[in-house]
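File shown here: upload04.cif, holding mmCIF, C-alpha atoms.
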```cif
data_target
loop_
_atom_site.label_atom_id
_atom_site.label_comp_id
_atom_site.auth_asym_id
_atom_site.auth_seq_id
_atom_site.Cartn_x
_atom_site.Cartn_y
_atom_site.Cartn_z
CA MET A 1 36.92 110.25 165.32
CA MET A 2 35.66 107.97 162.59
CA GLN A 3 36.32 107.22 158.95
CA LEU A 4 33.87 108.56 156.36
CA GLU A 5 33.72 107.15 152.84
CA ILE A 6 31.58 108.99 150.29
CA MET A 7 31.54 109.64 146.57
CA LEU A 8 32.07 113.39 146.23
CA ASN A 9 31.44 114.93 142.82
CA GLY A 10 31.97 111.53 141.25
CA GLU A 11 35.28 110.80 143.03
CA PRO A 12 35.79 108.67 146.13
CA LEU A 13 36.57 110.68 149.27
CA SER A 14 37.86 109.11 152.45
CA ALA A 15 38.13 111.45 155.41
CA GLU A 16 38.72 111.11 159.13
CA ILE A 17 35.95 113.10 160.81
CA ALA A 18 34.59 113.79 164.26
CA SER A 19 31.44 111.71 164.73
CA ASP A 20 29.40 114.88 165.27
CA ALA A 21 30.92 116.70 162.26
CA LEU A 22 28.45 118.42 159.98
CA LEU A 23 28.54 117.71 156.26
CA VAL A 24 29.11 121.38 155.40
CA ASP A 25 32.28 121.46 157.49
CA VAL A 26 33.62 118.20 156.06
CA LEU A 27 33.13 119.53 152.53
CA ARG A 28 34.79 122.85 153.27
CA LEU A 29 37.75 121.27 155.12
CA ASN A 30 38.31 119.12 152.04
CA GLY A 31 38.54 122.16 149.79
CA PHE A 32 34.96 122.38 148.52
CA THR A 33 34.30 125.89 149.82
CA GLY A 34 31.51 126.63 147.32
CA THR A 35 29.17 125.18 149.94
CA LYS A 36 28.69 127.72 152.72
CA GLU A 37 26.94 127.88 156.05
CA GLY A 38 24.34 130.65 156.09
CA CYS A 39 21.59 130.52 158.68
CA GLY A 40 22.91 127.32 160.23
CA VAL A 41 19.42 125.95 160.85
CA GLY A 42 18.42 124.51 157.47
CA VAL A 43 16.23 127.43 156.41
CA CYS A 44 18.19 129.73 154.07
CA GLY A 45 19.40 127.24 151.45
CA VAL A 46 22.98 128.50 151.09
CA CYS A 47 24.43 125.12 152.20
CA THR A 48 22.37 123.01 149.77
CA VAL A 49 24.13 119.94 148.33
CA LEU A 50 22.79 116.82 146.61
CA VAL A 51 22.78 113.55 148.54
CA ASN A 52 21.81 110.66 146.27
CA ASP A 53 20.23 113.13 143.82
CA LEU A 54 18.09 114.93 146.42
CA PRO A 55 18.81 118.37 147.90
CA VAL A 56 19.70 118.45 151.59
CA ALA A 57 20.82 121.14 154.04
CA SER A 58 24.45 120.23 154.73
CA CYS A 59 24.56 122.58 157.75
CA ILE A 60 22.25 120.34 159.81
CA THR A 61 23.28 116.99 158.27
CA LEU A 62 25.60 114.89 160.41
CA ALA A 63 28.25 113.76 157.96
CA ALA A 64 28.29 110.25 159.42
CA LEU A 65 24.67 109.78 158.30
CA VAL A 66 25.61 110.11 154.61
CA GLU A 67 28.30 107.38 154.72
CA GLY A 68 28.36 105.59 151.35
CA SER A 69 26.26 108.27 149.61
CA GLN A 70 26.77 110.10 146.34
CA ILE A 71 27.35 113.78 147.21
CA TRP A 72 27.42 116.55 144.62
CA THR A 73 28.35 120.16 145.39
CA VAL A 74 28.16 123.32 143.30
CA GLU A 75 31.71 122.67 142.05
CA GLY A 76 30.89 119.24 140.69
CA LEU A 77 27.49 120.10 139.22
CA THR A 78 28.68 123.19 137.34
CA ALA A 79 31.65 121.21 135.95
CA LYS A 80 29.32 118.39 134.91
CA ASP A 81 26.71 120.58 133.20
CA GLU A 82 27.92 123.84 131.67
CA ASN A 83 24.33 124.97 130.98
CA LEU A 84 23.82 125.31 134.72
CA LEU A 85 26.30 128.10 135.40
CA ASN A 86 25.71 129.65 131.97
CA ALA A 87 22.03 130.11 132.80
CA PHE A 88 22.87 132.07 135.96
CA VAL A 89 25.54 134.14 134.17
CA GLU A 90 23.45 134.92 131.10
CA LYS A 91 20.29 135.79 133.04
CA GLU A 92 22.29 137.52 135.80
CA GLY A 93 20.67 135.35 138.46
CA MET A 94 22.71 136.91 141.27
CA GLN A 95 23.82 140.14 142.87
CA CYS A 96 26.02 139.78 145.95
CA GLY A 97 26.54 136.06 145.32
CA ILE A 98 26.15 134.68 148.84
CA CYS A 99 23.07 132.59 148.04
CA THR A 100 24.25 131.62 144.54
CA PRO A 101 25.84 128.20 145.27
CA GLY A 102 22.62 127.07 146.93
CA GLN A 103 20.45 128.51 144.15
CA VAL A 104 22.55 126.68 141.55
CA VAL A 105 22.35 123.33 143.37
CA SER A 106 18.59 123.68 143.94
CA CYS A 107 18.16 124.60 140.26
CA TYR A 108 19.96 121.40 139.28
CA ALA A 109 17.84 119.38 141.76
CA LEU A 110 14.64 120.80 140.27
CA GLY A 111 15.95 119.78 136.84
CA LEU A 112 16.20 116.20 138.11
CA GLU A 113 12.84 116.21 139.88
CA ASN A 114 10.61 118.23 137.59
CA PRO A 115 12.38 119.42 134.41
CA LYS A 116 9.07 120.63 132.94
CA ALA A 117 8.28 122.82 135.96
CA ASN A 118 6.12 125.84 135.17
CA GLU A 119 6.65 129.32 136.58
CA GLU A 120 4.63 128.64 139.73
CA GLU A 121 6.36 125.30 140.36
CA ILE A 122 9.78 126.90 139.86
CA ARG A 123 8.96 129.63 142.38
CA GLU A 124 7.52 127.18 144.86
CA TYR A 125 10.51 124.82 144.62
CA MET A 126 13.11 127.60 144.79
CA SER A 127 11.29 129.40 147.63
CA GLY A 128 13.44 127.56 150.16
CA ASN A 129 16.54 129.37 148.85
CA LEU A 130 16.52 132.88 150.24
CA CYS A 131 17.98 135.83 148.31
CA ARG A 132 17.98 139.31 149.81
CA CYS A 133 19.18 141.13 146.66
CA THR A 134 17.51 140.16 143.43
CA GLY A 135 13.81 139.96 144.17
CA TYR A 136 14.04 136.51 142.53
CA VAL A 137 13.08 137.63 139.01
CA THR A 138 16.47 136.94 137.44
CA ILE A 139 16.96 133.79 139.50
CA THR A 140 13.64 132.46 138.23
CA GLU A 141 14.68 133.37 134.67
CA SER A 142 17.98 131.55 135.17
CA VAL A 143 16.17 128.45 136.37
CA ARG A 144 13.75 128.63 133.45
CA GLN A 145 16.66 128.87 130.99
CA TYR A 146 18.43 125.93 132.63
CA LEU A 147 15.30 123.75 132.54
CA ALA A 148 14.80 124.64 128.87
CA SER A 149 18.29 123.29 128.17
CA LYS A 150 17.39 119.86 129.58
CA MET B 1 29.24 110.32 170.44
CA ILE B 2 29.27 107.41 168.04
CA ILE B 3 26.92 106.88 165.11
CA THR B 4 25.90 103.37 164.12
CA ARG B 5 24.00 102.11 161.09
CA PRO B 6 22.28 98.80 161.88
CA THR B 7 20.62 97.00 158.97
CA SER B 8 17.86 95.20 160.89
CA VAL B 9 15.19 96.20 163.39
CA GLU B 10 16.52 93.56 165.82
CA ALA B 11 20.04 95.00 165.70
CA ALA B 12 18.68 98.53 166.18
CA LEU B 13 16.63 97.43 169.22
CA GLU B 14 19.71 95.86 170.81
CA GLU B 15 21.51 99.19 170.52
CA LEU B 16 18.50 101.16 171.75
CA ALA B 17 18.34 99.00 174.88
CA ASP B 18 21.21 101.19 176.12
CA GLU B 19 19.57 104.25 177.62
CA ASN B 20 22.28 106.53 176.22
CA SER B 21 21.29 105.59 172.66
CA LEU B 22 18.94 107.60 170.49
CA ALA B 23 17.39 106.52 167.19
CA VAL B 24 17.72 108.97 164.30
CA GLY B 25 15.65 108.95 161.12
CA GLY B 26 16.09 111.71 158.55
CA GLY B 27 17.96 113.72 161.16
CA THR B 28 16.53 117.15 160.35
CA SER B 29 15.52 117.74 163.96
CA ILE B 30 18.16 115.64 165.70
CA GLY B 31 20.96 117.08 163.53
CA LEU B 32 19.98 120.55 164.68
CA MET B 33 19.60 119.49 168.32
CA VAL B 34 23.02 117.81 168.35
CA LYS B 35 24.58 120.80 166.58
CA ASN B 36 23.22 123.17 169.20
CA ARG B 37 24.10 120.82 172.09
CA LEU B 38 20.46 120.60 173.13
CA ILE B 39 21.03 116.86 173.35
CA GLU B 40 24.30 114.97 173.77
CA PRO B 41 23.55 111.29 173.16
CA GLU B 42 26.44 108.84 173.51
CA ARG B 43 25.19 106.89 170.52
CA LEU B 44 23.00 107.81 167.58
CA VAL B 45 21.42 104.82 165.87
CA SER B 46 20.71 105.66 162.23
CA LEU B 47 17.63 103.83 160.95
CA ASN B 48 18.21 104.68 157.31
CA GLY B 49 19.87 101.36 156.43
CA ILE B 50 16.97 99.20 157.66
CA ALA B 51 15.09 98.06 154.56
CA ALA B 52 12.07 96.87 156.58
CA LEU B 53 11.35 100.45 157.67
CA HIS B 54 10.97 101.72 154.11
CA GLY B 55 8.18 101.38 151.58
CA ILE B 56 4.61 102.43 150.81
CA GLU B 57 2.02 99.68 150.27
CA GLU B 58 -1.65 99.55 149.40
CA ARG B 59 -3.18 96.46 150.99
CA GLY B 60 -6.80 96.48 149.78
CA GLU B 61 -9.18 96.13 152.73
CA GLY B 62 -6.13 96.30 154.98
CA GLY B 63 -5.59 99.96 154.11
CA PHE B 64 -2.20 101.51 153.65
CA ARG B 65 1.22 100.79 155.13
CA LEU B 66 3.78 103.57 155.32
CA GLY B 67 7.21 102.45 156.56
CA ALA B 68 8.49 104.70 159.34
CA MET B 69 11.46 105.82 157.25
CA THR B 70 9.27 106.81 154.30
CA THR B 71 10.41 110.35 153.48
CA LEU B 72 8.10 113.27 152.83
CA HIS B 73 9.57 113.37 149.30
CA GLU B 74 8.44 109.77 148.80
CA LEU B 75 4.94 110.54 150.15
CA ILE B 76 4.59 113.48 147.77
CA HIS B 77 5.66 111.44 144.75
CA SER B 78 3.88 108.18 145.60
CA PRO B 79 0.98 107.42 143.21
CA ILE B 80 -0.68 105.49 146.07
CA VAL B 81 -0.53 108.41 148.50
CA THR B 82 -1.50 111.11 146.02
CA ALA B 83 -4.48 109.05 144.77
CA SER B 84 -5.77 107.59 148.03
CA LEU B 85 -4.42 109.79 150.85
CA PRO B 86 -4.42 113.22 149.19
CA SER B 87 -4.56 115.26 152.41
CA LEU B 88 -1.36 113.51 153.56
CA ALA B 89 0.41 114.21 150.25
CA PHE B 90 -0.76 117.84 150.39
CA ALA B 91 0.51 118.30 153.95
CA ALA B 92 3.85 116.59 153.23
CA ALA B 93 4.43 118.90 150.26
CA ARG B 94 4.12 121.93 152.55
CA VAL B 95 6.57 120.94 155.26
CA GLY B 96 9.68 123.13 155.36
CA ASN B 97 11.49 123.14 152.03
CA PRO B 98 12.74 120.54 149.51
CA ARG B 99 15.91 119.92 151.59
CA VAL B 100 13.84 118.95 154.62
CA ARG B 101 11.40 116.86 152.59
CA SER B 102 14.27 114.90 150.99
CA VAL B 103 15.16 113.28 154.29
CA ALA B 104 12.45 113.95 156.93
CA SER B 105 10.45 110.77 157.64
CA ILE B 106 6.86 110.04 158.61
CA GLY B 107 8.09 108.09 161.65
CA GLY B 108 10.16 111.07 162.72
CA ALA B 109 7.20 113.40 162.26
CA ILE B 110 5.18 111.51 164.87
CA ILE B 111 7.90 110.43 167.32
CA HIS B 112 9.39 113.93 167.46
CA GLY B 113 6.08 115.12 168.88
CA ASP B 114 6.37 118.75 167.90
CA PRO B 115 2.78 120.07 167.99
CA ARG B 116 3.41 122.56 165.20
CA GLN B 117 4.13 119.91 162.59
CA ASP B 118 1.75 119.26 159.72
CA LEU B 119 1.61 115.48 159.47
CA PRO B 120 0.33 114.68 162.99
CA PRO B 121 -3.09 116.34 162.60
CA VAL B 122 -3.55 114.77 159.16
CA LEU B 123 -2.69 111.30 160.47
CA LEU B 124 -5.04 111.84 163.46
CA SER B 125 -7.88 112.77 161.10
CA LEU B 126 -7.25 109.60 159.06
CA ASP B 127 -7.38 107.30 162.16
CA ALA B 128 -3.77 106.26 161.55
CA ILE B 129 -2.07 103.70 163.79
CA ALA B 130 1.58 103.73 164.89
CA HIS B 131 3.22 100.30 164.96
CA VAL B 132 5.88 100.14 167.63
CA VAL B 133 8.31 97.34 168.46
CA GLY B 134 10.60 96.95 171.44
CA PRO B 135 12.19 94.41 173.79
CA ARG B 136 8.71 93.56 175.16
CA GLY B 137 7.35 92.84 171.68
CA GLY B 138 5.26 94.78 169.23
CA ARG B 139 2.14 96.87 169.78
CA GLU B 140 -0.19 99.05 167.79
CA ILE B 141 -0.96 102.49 169.15
CA PRO B 142 -3.77 104.53 167.55
CA LEU B 143 -2.44 108.02 166.95
CA ALA B 144 -5.32 109.30 169.07
CA GLU B 145 -3.46 107.71 172.02
CA PHE B 146 0.09 108.32 170.78
CA PHE B 147 0.73 112.00 171.54
CA LEU B 148 1.03 112.41 175.32
CA GLY B 149 2.56 115.88 175.65
CA PHE B 150 5.01 118.33 174.14
CA MET B 151 7.61 116.13 172.40
CA GLU B 152 6.37 113.17 174.39
CA SER B 153 4.80 110.05 172.94
CA ALA B 154 3.44 106.69 174.06
CA ALA B 155 6.46 104.92 172.56
CA GLU B 156 9.12 104.11 175.17
CA GLU B 157 12.76 105.10 174.72
CA ASP B 158 13.79 101.53 173.91
CA GLU B 159 11.04 101.13 171.30
CA LEU B 160 11.01 101.93 167.60
CA VAL B 161 8.18 103.11 165.38
CA THR B 162 8.36 100.68 162.45
CA GLN B 163 5.38 101.79 160.38
CA VAL B 164 2.25 103.86 160.26
CA THR B 165 -0.91 102.26 158.89
CA VAL B 166 -3.98 104.09 157.66
CA PRO B 167 -7.28 102.20 157.45
CA LEU B 168 -9.23 102.10 154.20
CA ARG B 169 -12.23 104.45 154.29
CA THR B 170 -14.08 104.10 151.03
CA GLY B 171 -15.59 107.34 149.84
CA GLN B 172 -13.84 109.39 152.51
CA ARG B 173 -13.17 113.04 151.82
CA ALA B 174 -10.13 114.57 153.50
CA THR B 175 -8.45 117.97 153.49
CA TYR B 176 -5.65 119.75 155.30
CA THR B 177 -5.42 123.52 155.64
CA ARG B 178 -2.47 125.37 157.16
CA PHE B 179 -2.74 129.03 158.13
CA THR B 180 0.62 130.80 157.99
CA PRO B 181 0.11 134.55 158.32
CA GLY B 182 3.87 135.24 158.44
CA SER B 183 5.60 133.20 155.78
CA GLU B 184 4.30 130.19 153.89
CA ASP B 185 7.30 128.10 154.90
CA ASP B 186 6.80 128.83 158.61
CA TYR B 187 5.11 126.43 161.00
CA PRO B 188 1.37 127.00 160.86
CA THR B 189 -0.34 129.24 163.40
CA VAL B 190 -3.05 126.61 163.11
CA GLY B 191 -3.30 123.51 160.94
CA VAL B 192 -6.72 121.92 160.43
CA ALA B 193 -7.18 118.39 159.10
CA VAL B 194 -10.70 117.22 158.32
CA ALA B 195 -11.86 113.80 157.14
CA GLY B 196 -15.41 112.57 156.75
CA ASN B 197 -18.01 110.70 154.77
CA LEU B 198 -21.40 111.63 153.36
CA ASP B 199 -24.09 109.11 152.40
CA ASN B 200 -26.17 109.17 149.21
CA GLU B 201 -28.69 111.50 150.84
CA GLY B 202 -25.95 114.02 151.60
CA VAL B 203 -25.95 113.28 155.34
CA ILE B 204 -22.61 113.28 157.15
CA THR B 205 -22.02 109.74 158.42
CA GLY B 206 -18.62 110.24 160.03
CA ALA B 207 -16.21 113.10 160.64
CA LYS B 208 -12.86 113.83 162.27
CA ILE B 209 -11.37 117.24 162.95
CA ALA B 210 -7.73 117.44 164.05
CA LEU B 211 -5.81 120.58 164.97
CA GLY B 212 -2.09 121.32 164.92
CA GLY B 213 -0.21 124.16 166.59
CA VAL B 214 -2.83 124.99 169.21
CA ASP B 215 -2.01 122.67 172.12
CA ALA B 216 0.96 120.76 173.55
CA THR B 217 0.24 118.05 170.97
CA ALA B 218 -1.80 117.75 167.82
CA ILE B 219 -5.35 117.14 169.04
CA LEU B 220 -8.66 115.72 167.87
CA ALA B 221 -11.67 117.99 168.33
CA HIS B 222 -14.00 115.11 169.20
CA GLU B 223 -17.04 117.08 170.34
CA ALA B 224 -17.00 119.34 167.29
CA ALA B 225 -16.73 116.38 164.92
CA GLU B 226 -19.53 114.46 166.62
CA MET B 227 -21.91 117.42 166.18
CA LEU B 228 -21.64 116.92 162.42
CA VAL B 229 -22.67 113.26 162.30
CA GLY B 230 -26.24 112.69 161.16
CA GLN B 231 -26.53 116.28 159.91
CA ARG B 232 -26.64 117.71 156.43
CA PRO B 233 -23.77 120.06 155.59
CA SER B 234 -24.59 123.75 156.01
CA GLU B 235 -22.70 126.91 156.74
CA GLY B 236 -24.51 127.27 160.06
CA LEU B 237 -23.57 123.74 161.12
CA PHE B 238 -19.94 124.27 160.19
CA ALA B 239 -19.78 127.56 162.11
CA GLU B 240 -21.27 125.93 165.23
CA ALA B 241 -18.82 123.02 165.06
CA ALA B 242 -15.91 125.41 164.45
CA ALA B 243 -16.80 127.36 167.59
CA VAL B 244 -16.79 124.13 169.61
CA ALA B 245 -13.40 123.18 168.07
CA ALA B 246 -12.01 126.58 169.07
CA ALA B 247 -13.15 126.01 172.66
CA ALA B 248 -11.30 122.65 172.66
CA ALA B 249 -8.01 124.26 171.61
CA ASN B 250 -5.48 125.22 174.25
CA PRO B 251 -3.04 127.51 172.42
CA SER B 252 -0.18 129.47 173.94
CA ASP B 253 1.26 132.88 173.05
CA ASP B 254 4.22 132.91 170.71
CA GLN B 255 5.47 134.70 167.59
CA ARG B 256 2.73 132.98 165.58
CA GLY B 257 0.00 134.70 167.55
CA SER B 258 -1.51 135.27 170.96
CA GLU B 259 -3.66 132.69 172.66
CA GLU B 260 -6.78 134.68 171.85
CA TYR B 261 -5.81 135.18 168.20
CA LYS B 262 -5.01 131.50 167.69
CA ARG B 263 -8.31 130.45 169.22
CA ALA B 264 -10.15 132.83 166.89
CA MET B 265 -8.19 131.44 163.96
CA VAL B 266 -9.13 127.87 164.91
CA ALA B 267 -12.78 128.88 164.54
CA VAL B 268 -12.21 130.61 161.18
CA TRP B 269 -10.04 127.89 159.62
CA THR B 270 -12.06 124.98 160.98
CA ARG B 271 -15.22 126.50 159.48
CA ARG B 272 -13.50 127.00 156.14
CA SER B 273 -11.92 123.56 156.23
CA LEU B 274 -15.25 121.88 156.96
CA ALA B 275 -16.79 123.73 154.02
CA ARG B 276 -13.94 122.71 151.73
CA CYS B 277 -14.09 119.09 152.80
CA LEU B 278 -17.74 118.32 153.46
CA ALA B 279 -19.93 120.80 151.58
CA LEU B 280 -22.35 119.14 149.14
#
```
Using structure tokens, write down the structure that the file contains.
Amino acid sequence: MMQLEIMLNGEPLSAEIASDALLVDVLRLNGFTGTKEGCGVGVCGVCTVLVNDLPVASCITLAALVEGSQIWTVEGLTAKDENLLNAFVEKEGMQCGICTPGQVVSCYALGLENPKANEEEIREYMSGNLCRCTGYVTITESVRQYLASK
Amino acid sequence: MIITRPTSVEAALEELADENSLAVGGGTSIGLMVKNRLIEPERLVSLNGIAALHGIEERGEGGFRLGAMTTLHELIHSPIVTASLPSLAFAAARVGNPRVRSVASIGGAIIHGDPRQDLPPVLLSLDAIAHVVGPRGGREIPLAEFFLGFMESAAEEDELVTQVTVPLRTGQRATYTRFTPGSEDDYPTVGVAVAGNLDNEGVITGAKIALGGVDATAILAHEAAEMLVGQRPSEGLFAEAAAVAAAAANPSDDQRGSEEYKRAMVAVWTRRSLARCLAL
């Protein structure tokens, strides 16, 4: 066991964790269940969180490696920026909802990295977040609306 | 397992002297291997807090220095890399997805030694050099001598890759092409990196062809590249060299294609890559 100190959604979090604990599990055990484990191998995007403003796959990230980092999850980002969730609601950028937390976090990350992204750049960036329902049209529209709000 | 975060190369080397220690960079591969119990190290030594391992520098005649912990995200967004090492920036931008590129490092890409990765063939084509330091001192290992086998490199277990340097090659053209018939975010069935120079008369004065995904390591197709030197670019020349490159490949059957298919694809994509890179 070891002590982990991070800033989670702008608040300090101190947690006792197993040294091989994965970030996704630490977040969920501390009540942040918006972040989910999907494929478990860093491919599907469902577990996406921000670490120091960059998207990472929390399902393959050893929590101990992000000691001292700023972590933001879907809960914190949607509370911080109401345009983010509104874009997905208004453009109906979801069906079953499983992939939605990851889509929302990646959308926010794209807003930080390339807020003027064009259609092709949006699709390329978001291509790492798999959705088996929507065909991506409404997700892309949601991202476009969010970027336009920046 | 314990995880430590040394802040100097010296401190990291002391910890790595213990054979049950393993250095971890971005952790995209090691995180997965630990999760799936493929490896069970007693101690993981995180390199992320070592400032000396970070940074991208342009050093004039001395070429380029890329700290081992430089992330793919940093390579993609570096004005130095995009302007002067465009095939490296292009390849980095096509690895995995943004979540991988946020943390995966150039040092990890070479020390991991997975032959399907994109950066090794590009770095081979650019004559890159791995700088390694350990208890017996430092040494420079040309990438051409670095990859020894599947996930096996010339760096010893108690050594660290501190940086990768790329020599300055004025006027060099360089491209990377990855062929992914399944999904664009898959590993390539074959990756082809080409670098070369033409003189004022349009004669090829130097060329390197490196292949990923078609042997136990990324490989240089020496014989194919040497055929180009002293010649003027032509479709016939590129097709002949591509056939020689295909004969040098040693692919194995997997879900990305049969041995025969991959060899055929080496010929096709090497020919196209040569045309993209070196045509007049």
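Among the candidates B:Asp127, B:Asp158, B:Asp254, B:Asp118, the residue lying nearest to B:Lys208 is B:Asp127 (atoms considered: all atoms listed in the file).
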Expand the PyMOL selection byres ((chain B and resi 132) around 8) into the individual residues it matches in the shown file, reporting them as a short mmCIF file (atom, residue, chain, number, x, y, z; two decimals) with C-alpha atoms, keeping the file's coordinate frame.
```cif
data_model
loop_
_atom_site.label_atom_id
_atom_site.label_comp_id
_atom_site.auth_asym_id
_atom_site.auth_seq_id
_atom_site.Cartn_x
_atom_site.Cartn_y
_atom_site.Cartn_z
CA ALA B 130 1.58 103.73 164.89
CA HIS B 131 3.22 100.30 164.96
CA VAL B 133 8.31 97.34 168.46
CA GLY B 134 10.60 96.95 171.44
CA GLY B 138 5.26 94.78 169.23
CA ARG B 139 2.14 96.87 169.78
CA GLU B 140 -0.19 99.05 167.79
CA ILE B 141 -0.96 102.49 169.15
CA ALA B 155 6.46 104.92 172.56
CA GLU B 159 11.04 101.13 171.30
CA LEU B 160 11.01 101.93 167.60
CA VAL B 161 8.18 103.11 165.38
CA THR B 162 8.36 100.68 162.45
CA GLN B 163 5.38 101.79 160.38
#
```
Report as CSV the residues of chain A within 9 Å of chain B, each with its shortest atom pair and distance in Å (one decimal), using all atoms listed in the file, ordered by chain and increasing residue number.
```
residue,atom,partner,partner_atom,distance
A:Met1,CA,B:Ile2,CA,8.6
A:Met2,CA,B:Ile2,CA,8.4
A:Ala18,CA,B:Met1,CA,8.9
A:Ser19,CA,B:Ile2,CA,5.8
A:Asp20,CA,B:Met1,CA,6.9
A:Ala21,CA,B:Lys35,CA,8.7
A:Leu22,CA,B:Lys35,CA,8.0
A:Gly40,CA,B:Leu32,CA,8.6
A:Val41,CA,B:Leu32,CA,6.6
A:Gly42,CA,B:Val100,CA,7.7
A:Val43,CA,B:Asn97,CA,7.7
A:Gly45,CA,B:Arg99,CA,8.1
A:Thr48,CA,B:Arg99,CA,7.4
A:Val49,CA,B:Arg99,CA,8.8
A:Val51,CA,B:Ser102,CA,9.0
A:Leu54,CA,B:Ser102,CA,6.0
A:Pro55,CA,B:Arg99,CA,4.9
A:Val56,CA,B:Arg99,CA,4.1
A:Ala57,CA,B:Arg99,CA,5.6
A:Cys59,CA,B:Leu32,CA,8.6
A:Ile60,CA,B:Gly31,CA,5.1
A:Thr61,CA,B:Gly31,CA,5.7
A:Leu62,CA,B:Gly31,CA,6.0
A:Ala64,CA,B:Ile3,CA,6.8
A:Leu65,CA,B:Ser46,CA,6.9
A:Ser106,CA,B:Pro98,CA,8.7
A:Tyr125,CA,B:Pro98,CA,6.9
A:Met126,CA,B:Pro98,CA,8.5
A:Ser127,CA,B:Asn97,CA,7.7
A:Gly128,CA,B:Asn97,CA,5.2
A:Asn129,CA,B:Asn97,CA,8.6
```
Output of the PyMOL selection byres ((chain A and resi 80-87) around 12), listed as a count of residues only:
41
Which residues are close to B:Met227, i.e. within 12 Å by only C-alpha atoms, leaving aside same-chain residues fewer than 2 positions away? Reply as a PDB file with C-alpha atoms, keeping the file's coordinate frame.
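New file result-v9.pdb:
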```
ATOM      1  CA  ILE B 204     -22.610 113.280 157.150  1.00  0.00           C
ATOM      2  CA  THR B 205     -22.020 109.740 158.420  1.00  0.00           C
ATOM      3  CA  GLY B 206     -18.620 110.240 160.030  1.00  0.00           C
ATOM      4  CA  ALA B 207     -16.210 113.100 160.640  1.00  0.00           C
ATOM      5  CA  LYS B 208     -12.860 113.830 162.270  1.00  0.00           C
ATOM      6  CA  ILE B 209     -11.370 117.240 162.950  1.00  0.00           C
ATOM      7  CA  ALA B 221     -11.670 117.990 168.330  1.00  0.00           C
ATOM      8  CA  HIS B 222     -14.000 115.110 169.200  1.00  0.00           C
ATOM      9  CA  GLU B 223     -17.040 117.080 170.340  1.00  0.00           C
ATOM     10  CA  ALA B 224     -17.000 119.340 167.290  1.00  0.00           C
ATOM     11  CA  ALA B 225     -16.730 116.380 164.920  1.00  0.00           C
ATOM     12  CA  VAL B 229     -22.670 113.260 162.300  1.00  0.00           C
ATOM     13  CA  GLY B 230     -26.240 112.690 161.160  1.00  0.00           C
ATOM     14  CA  GLN B 231     -26.530 116.280 159.910  1.00  0.00           C
ATOM     15  CA  ARG B 232     -26.640 117.710 156.430  1.00  0.00           C
ATOM     16  CA  PRO B 233     -23.770 120.060 155.590  1.00  0.00           C
ATOM     17  CA  GLY B 236     -24.510 127.270 160.060  1.00  0.00           C
ATOM     18  CA  LEU B 237     -23.570 123.740 161.120  1.00  0.00           C
ATOM     19  CA  PHE B 238     -19.940 124.270 160.190  1.00  0.00           C
ATOM     20  CA  ALA B 239     -19.780 127.560 162.110  1.00  0.00           C
ATOM     21  CA  GLU B 240     -21.270 125.930 165.230  1.00  0.00           C
ATOM     22  CA  ALA B 241     -18.820 123.020 165.060  1.00  0.00           C
ATOM     23  CA  ALA B 242     -15.910 125.410 164.450  1.00  0.00           C
ATOM     24  CA  ALA B 243     -16.800 127.360 167.590  1.00  0.00           C
ATOM     25  CA  VAL B 244     -16.790 124.130 169.610  1.00  0.00           C
ATOM     26  CA  ALA B 245     -13.400 123.180 168.070  1.00  0.00           C
TER      27      ALA B 245
END
```
B:Pro79, B:Pro115, B:Gly182, B:Pro167 ranked by distance to B:Leu211, top pick (using all atoms listed in the file):
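When distances to B:Leu211 are compared using all atoms listed in the file, the smallest one comes from B:Pro115.
Note that atom CA of B:Arg173 and atom CA of B:Leu75 are 18.4 Å apart.
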Have a look at A:Ser14, A:Cys96, A:Glu67, A:Ser58 and name the one nearest to A:Cys39; count all atoms listed in the file.
A:Ser58
Could you check which of A:Val66, A:Ala117, A:Cys99, A:Val24 is closest to A:Tyr136, using all atoms listed in the file?
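Under the stated criterion, the closest residue is A:Cys99.
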Contacts of B:Val166 at 8 Å (all atoms listed in the file; same-chain gap of 3+ positions) as a ChimeraX atom specification
/B:63-65,123,126-129
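This file, filtered with the PyMOL selection byres ((chain B and resi 212) around 8), gives the residues Pro115, Arg116, Gln117, Asp118, Pro120, Pro121, Pro188, Val190, Gly191, Val192, Ala210, Leu211, Gly213, Val214, Asp215, Thr217, Ala218 and Ile219 of chain B.
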Could you write out that same residue set with C-alpha atoms as a JSON list (two decimals), in the coordinates of the input?
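Saved to again_32.json:
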```json
[["chain", "number", "residue", "atom", "x", "y", "z"],
["B", 115, "PRO", "CA", 2.78, 120.07, 167.99],
["B", 116, "ARG", "CA", 3.41, 122.56, 165.20],
["B", 117, "GLN", "CA", 4.13, 119.91, 162.59],
["B", 118, "ASP", "CA", 1.75, 119.26, 159.72],
["B", 120, "PRO", "CA", 0.33, 114.68, 162.99],
["B", 121, "PRO", "CA", -3.09, 116.34, 162.60],
["B", 188, "PRO", "CA", 1.37, 127.00, 160.86],
["B", 190, "VAL", "CA", -3.05, 126.61, 163.11],
["B", 191, "GLY", "CA", -3.30, 123.51, 160.94],
["B", 192, "VAL", "CA", -6.72, 121.92, 160.43],
["B", 210, "ALA", "CA", -7.73, 117.44, 164.05],
["B", 211, "LEU", "CA", -5.81, 120.58, 164.97],
["B", 213, "GLY", "CA", -0.21, 124.16, 166.59],
["B", 214, "VAL", "CA", -2.83, 124.99, 169.21],
["B", 215, "ASP", "CA", -2.01, 122.67, 172.12],
["B", 217, "THR", "CA", 0.24, 118.05, 170.97],
["B", 218, "ALA", "CA", -1.80, 117.75, 167.82],
["B", 219, "ILE", "CA", -5.35, 117.14, 169.04]]
```
